[in-house]
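Novice: Sharing a structure, written as structure tokens. Questions coming.
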Amino acid sequence: MSAHDTAIHHGGHHGDHGDGHHDDGPHSSFSGYMVGFVLSIVLTAIPFWLVMAGVITHRPTAVLVLGAFAVAQILVHMVCFLHMNGKVEGGWTLLSTIFTVVFVAIAIAGTLWVMFHMNENMMPAHGGHAAHPPAAAPHGTP
């Protein structure tokens, strides 16, 4: 069998060696990237406007709303630009990302919990009550 016959036998693809490796990675079109770009602009502009215009005056509500926009933007970037979904690499990329997010959330929550309780237990004067009364200022004699 000649080289020409082998190329015809494999469908005319010179790079196909029959080893089963295919580039099944995610490919996005220009429109897919533009959707991600527009969503990221919108998810940046809305929180910016909410803060600059003073729309939300209650601070805890503002933190929750801005946090929700941040999470939405992270998801848009992961899906539109990093092409993370359950199909790529059999879902292992998505699974490892979920594990990392859970691990980091536990680490941050644990750190904040320890620091809060350490502050409460080590600093008894934290509530505004001084443990020791202030020293009396020396009085000058005239």
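Identifiers in the structure tokens: chain A, B, ... in order shown; residue index from 1 per chain; ligand index from 1 in order shown.
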Give me, as an MDAnalysis selection string, all polymer residues having an atom no more than 12 Å from Ser29 in chain A, counting only C-alpha atoms and skipping those fewer than 6 positions away in the same chain.
Specialist: chainID A and resid 35:36 80:81 83
Novice: Can you pull out the residues contacting range 40-49 of chain A? Cut-off 7 Å, using only C-alpha atoms, and skip same-chain residues under 4 positions away; I want them as an MDAnalysis selection string.
Specialist: chainID A and resid 36 53 66 69 73
Novice: Let me see the file: selected residues, N, CA, C and O atoms, as a PDB file, in the first residue's frame.
Specialist:
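The resulting selection-v8.pdb:
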ATOM      1  N   GLY A  36     -20.893  37.294  26.031  1.00  0.00           N
ATOM      2  CA  GLY A  36     -20.175  37.367  27.296  1.00  0.00           C
ATOM      3  C   GLY A  36     -19.678  38.763  27.593  1.00  0.00           C
ATOM      4  O   GLY A  36     -19.748  39.239  28.731  1.00  0.00           O
ATOM      5  N   ALA A  53     -25.171  56.300  42.445  1.00  0.00           N
ATOM      6  CA  ALA A  53     -26.415  57.059  42.555  1.00  0.00           C
ATOM      7  C   ALA A  53     -27.020  56.945  43.950  1.00  0.00           C
ATOM      8  O   ALA A  53     -27.999  57.634  44.247  1.00  0.00           O
ATOM      9  N   LEU A  66     -24.623  43.707  45.641  1.00  0.00           N
ATOM     10  CA  LEU A  66     -23.356  43.767  44.911  1.00  0.00           C
ATOM     11  C   LEU A  66     -22.672  42.405  44.873  1.00  0.00           C
ATOM     12  O   LEU A  66     -22.051  42.036  43.865  1.00  0.00           O
ATOM     13  N   PHE A  69     -24.354  40.408  42.144  1.00  0.00           N
ATOM     14  CA  PHE A  69     -23.864  40.814  40.825  1.00  0.00           C
ATOM     15  C   PHE A  69     -22.458  40.269  40.573  1.00  0.00           C
ATOM     16  O   PHE A  69     -22.121  39.885  39.457  1.00  0.00           O
ATOM     17  N   GLN A  73     -21.377  37.753  37.593  1.00  0.00           N
ATOM     18  CA  GLN A  73     -20.324  38.074  36.639  1.00  0.00           C
ATOM     19  C   GLN A  73     -19.260  36.974  36.598  1.00  0.00           C
ATOM     20  O   GLN A  73     -18.745  36.639  35.526  1.00  0.00           O
TER      21      GLN A  73
END
Novice: With only C-alpha atoms as the counted atoms, please give the residues lying no more than 10 Å from Leu94 in chain A, apart from itself and same-chain residues fewer than 5 positions off, as a list in words.
Specialist: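 My list of contacting residues is Met78, His83, Met84, Asn85, Gly86, Lys87, Val88, Glu89, Phe99 and Thr100 of chain A.
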Novice: How about saving the chosen residues, C-alpha atoms kept, as an mmCIF file, in the first residue's frame?
Specialist:
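To be explicit, this is the file written out as again_16.cif:
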data_model
loop_
_atom_site.group_PDB
_atom_site.id
_atom_site.type_symbol
_atom_site.label_atom_id
_atom_site.label_comp_id
_atom_site.auth_asym_id
_atom_site.auth_seq_id
_atom_site.Cartn_x
_atom_site.Cartn_y
_atom_site.Cartn_z
ATOM 1 C CA MET A 78 -16.587 31.000 33.558
ATOM 2 C CA HIS A 83 -15.957 27.577 28.486
ATOM 3 C CA MET A 84 -16.607 25.656 31.682
ATOM 4 C CA ASN A 85 -19.551 23.303 31.543
ATOM 5 C CA GLY A 86 -20.311 19.704 32.401
ATOM 6 C CA LYS A 87 -19.238 18.426 28.974
ATOM 7 C CA VAL A 88 -15.605 19.536 28.845
ATOM 8 C CA GLU A 89 -13.181 16.797 29.943
ATOM 9 C CA PHE A 99 -14.278 21.713 44.907
ATOM 10 C CA THR A 100 -11.957 24.727 44.868
#
Novice: Between CA of Gly110 in chain A and CA of Leu75 in chain A, measure the distance and give it in Å to one decimal.
Specialist: 24.3 Å
Novice: How would you write, as a ChimeraX atom specification, the set of residues in range 32-128 of chain A that DSSP gives as alpha helix (DSSP H)?
Specialist: /A:32-52,59-76,92-122
Novice: I'd like to know which of A:Ala109, A:Val114, A:Val101, A:Ile56 is closest to Val71 in chain A, using only C-alpha atoms.
Specialist: A:Val101
Novice: Could you state the separation of CA of Leu82 in chain A and CA of Met34 in chain A in Å, given to one decimal place?
Specialist: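 Result for CA of Leu82 in chain A versus CA of Met34 in chain A: 13.7 Å, one decimal.
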Novice: Suppose you want the space between CA of His77 in chain A and CA of Ala62 in chain A; what is it in Å?
Specialist: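 Interatomic distance here is 22.5 Å.
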